[in-house]
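Visitor: Handing you a structure now.
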Amino acid sequence: MTSEELLRSWKRTEGFLRDARSHFSGAAEGICADDLRAFEEYLEHNELELALDMLEDAFDKSEMGSWRVLELMALAAASMGLIDRQQRYDRRISDARGWEYETILPS
């Protein structure tokens, strides 16, 4: 992957992560403030997988997260090539909704 492609990939992943972060409710913001602060710090240092870890922790702790958060986390995981993780998120979404969900990474 050229440096130009790598930069585009990072920006795409960062976009998915930021979009997921934006879908946390006000109540979740309070419950998960430390995780969400850590998320921002990791993102600032381009530690994208660690930022995803913090979003996952916040999503699990809040127990009131929008499923859109998990969809966007799955897109971020797929964008980083973390296929096992993306599939785990897909299974959680499928189980919650009662129908098969599959993340499709846009070209």
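Chain identifiers are assigned as A, B, and so on, following the order in which chains appear in the structure tokens; residues are numbered from 1 within each chain, and ligands are numbered from 1 in order of appearance.
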Counting only C-alpha atoms, what is within 12 Å of stretch 47-50 of chain A, bar same-chain residues fewer than 5 positions away, as a PyMOL selection string?
Guide: chain A and resi 9-18+35-36+38-42+55-57+73-74+76-82+85
Visitor: Any chance you could list, as an MDAnalysis selection string, the residues in chain A that come up alpha helix (DSSP H) when DSSP is run on the backbone?
Guide: chainID A and resid 3:22 26:31 33:44 48:62 67:79 83:97
Visitor: Just the residues within 12 Å of A:Thr103, please, counting only C-alpha atoms, with nothing from its chain fewer than 3 positions along; format it as an mmCIF file with N, CA and C atoms, in the first residue's frame.
Guide:
data_model
loop_
_atom_site.group_PDB
_atom_site.id
_atom_site.type_symbol
_atom_site.label_atom_id
_atom_site.label_comp_id
_atom_site.auth_asym_id
_atom_site.auth_seq_id
_atom_site.Cartn_x
_atom_site.Cartn_y
_atom_site.Cartn_z
ATOM 1 N N ARG A 68 -26.530 1.753 15.725
ATOM 2 C CA ARG A 68 -25.748 2.440 14.688
ATOM 3 C C ARG A 68 -24.290 2.566 15.130
ATOM 4 N N LEU A 70 -22.593 0.383 16.845
ATOM 5 C CA LEU A 70 -21.963 -0.907 16.576
ATOM 6 C C LEU A 70 -21.778 -1.131 15.073
ATOM 7 N N GLU A 71 -22.736 -0.684 14.261
ATOM 8 C CA GLU A 71 -22.571 -0.784 12.800
ATOM 9 C C GLU A 71 -21.330 -0.021 12.345
ATOM 10 N N LEU A 72 -21.152 1.167 12.868
ATOM 11 C CA LEU A 72 -19.991 1.990 12.490
ATOM 12 C C LEU A 72 -18.692 1.415 13.047
ATOM 13 N N MET A 73 -18.762 0.818 14.234
ATOM 14 C CA MET A 73 -17.580 0.136 14.775
ATOM 15 C C MET A 73 -17.202 -1.042 13.878
ATOM 16 N N ALA A 74 -18.197 -1.751 13.358
ATOM 17 C CA ALA A 74 -17.932 -2.868 12.442
ATOM 18 C C ALA A 74 -17.285 -2.362 11.158
ATOM 19 N N LEU A 75 -17.734 -1.231 10.653
ATOM 20 C CA LEU A 75 -17.114 -0.647 9.462
ATOM 21 C C LEU A 75 -15.665 -0.254 9.745
ATOM 22 N N ALA A 76 -15.417 0.325 10.914
ATOM 23 C CA ALA A 76 -14.045 0.693 11.281
ATOM 24 C C ALA A 76 -13.171 -0.554 11.383
ATOM 25 N N ALA A 77 -13.690 -1.603 12.010
ATOM 26 C CA ALA A 77 -12.935 -2.847 12.134
ATOM 27 C C ALA A 77 -12.628 -3.416 10.749
ATOM 28 N N ALA A 78 -13.617 -3.443 9.870
ATOM 29 C CA ALA A 78 -13.407 -3.945 8.509
ATOM 30 C C ALA A 78 -12.385 -3.090 7.777
ATOM 31 N N SER A 79 -12.447 -1.792 7.963
ATOM 32 C CA SER A 79 -11.514 -0.872 7.318
ATOM 33 C C SER A 79 -10.075 -1.116 7.765
ATOM 34 N N ILE A 83 -11.108 -8.496 10.602
ATOM 35 C CA ILE A 83 -12.288 -9.212 10.118
ATOM 36 C C ILE A 83 -12.973 -10.009 11.221
ATOM 37 N N ASP A 84 -12.214 -10.686 12.081
ATOM 38 C CA ASP A 84 -12.841 -11.442 13.180
ATOM 39 C C ASP A 84 -13.664 -10.515 14.069
ATOM 40 N N ARG A 85 -13.123 -9.358 14.346
ATOM 41 C CA ARG A 85 -13.821 -8.395 15.191
ATOM 42 C C ARG A 85 -15.064 -7.857 14.494
ATOM 43 N N GLN A 86 -14.940 -7.535 13.213
ATOM 44 C CA GLN A 86 -16.075 -7.053 12.438
ATOM 45 C C GLN A 86 -17.185 -8.101 12.433
ATOM 46 N N GLN A 87 -16.817 -9.357 12.267
ATOM 47 C CA GLN A 87 -17.812 -10.428 12.250
ATOM 48 C C GLN A 87 -18.453 -10.613 13.631
ATOM 49 N N ARG A 88 -17.682 -10.399 14.683
ATOM 50 C CA ARG A 88 -18.243 -10.476 16.037
ATOM 51 C C ARG A 88 -19.290 -9.384 16.241
ATOM 52 N N TYR A 89 -18.982 -8.170 15.758
ATOM 53 C CA TYR A 89 -19.955 -7.078 15.839
ATOM 54 C C TYR A 89 -21.196 -7.409 15.005
ATOM 55 N N ASP A 90 -20.976 -7.949 13.814
ATOM 56 C CA ASP A 90 -22.109 -8.326 12.956
ATOM 57 C C ASP A 90 -23.018 -9.327 13.661
ATOM 58 N N ARG A 91 -22.410 -10.309 14.357
ATOM 59 C CA ARG A 91 -23.210 -11.307 15.080
ATOM 60 C C ARG A 91 -24.040 -10.643 16.185
ATOM 61 N N ARG A 92 -23.431 -9.704 16.903
ATOM 62 C CA ARG A 92 -24.172 -9.010 17.967
ATOM 63 C C ARG A 92 -25.363 -8.253 17.395
ATOM 64 N N ILE A 93 -25.146 -7.585 16.274
ATOM 65 C CA ILE A 93 -26.232 -6.840 15.633
ATOM 66 C C ILE A 93 -27.308 -7.805 15.154
ATOM 67 N N SER A 94 -26.890 -8.891 14.519
ATOM 68 C CA SER A 94 -27.839 -9.901 14.016
ATOM 69 C C SER A 94 -28.667 -10.473 15.148
ATOM 70 N N GLU A 100 -30.141 -11.491 9.832
ATOM 71 C CA GLU A 100 -28.714 -11.550 9.514
ATOM 72 C C GLU A 100 -28.210 -10.190 9.041
ATOM 73 N N PRO A 106 -17.776 0.156 2.069
ATOM 74 C CA PRO A 106 -17.903 0.859 0.790
ATOM 75 C C PRO A 106 -16.561 0.909 0.048
#
Visitor: Using only C-alpha atoms, which of A:Trp67, A:Phe59, A:Gly26, A:Met54 sits nearest A:Tyr101?
Guide: A:Trp67
Visitor: Determine the nearest neighbour of A:Ala27 from the options A:Asn46, A:Thr2, A:Ser107, A:Ser66, counting only C-alpha atoms.
Guide: A:Ser66
Visitor: Determine the nearest neighbour of A:Gly65 from the options A:Ala51, A:Leu43, A:Ala28, A:Ala33, counting only C-alpha atoms.
Guide: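 Going through A:Ala51, A:Leu43, A:Ala28, A:Ala33 one by one, the smallest distance to A:Gly65 is for A:Ala28.
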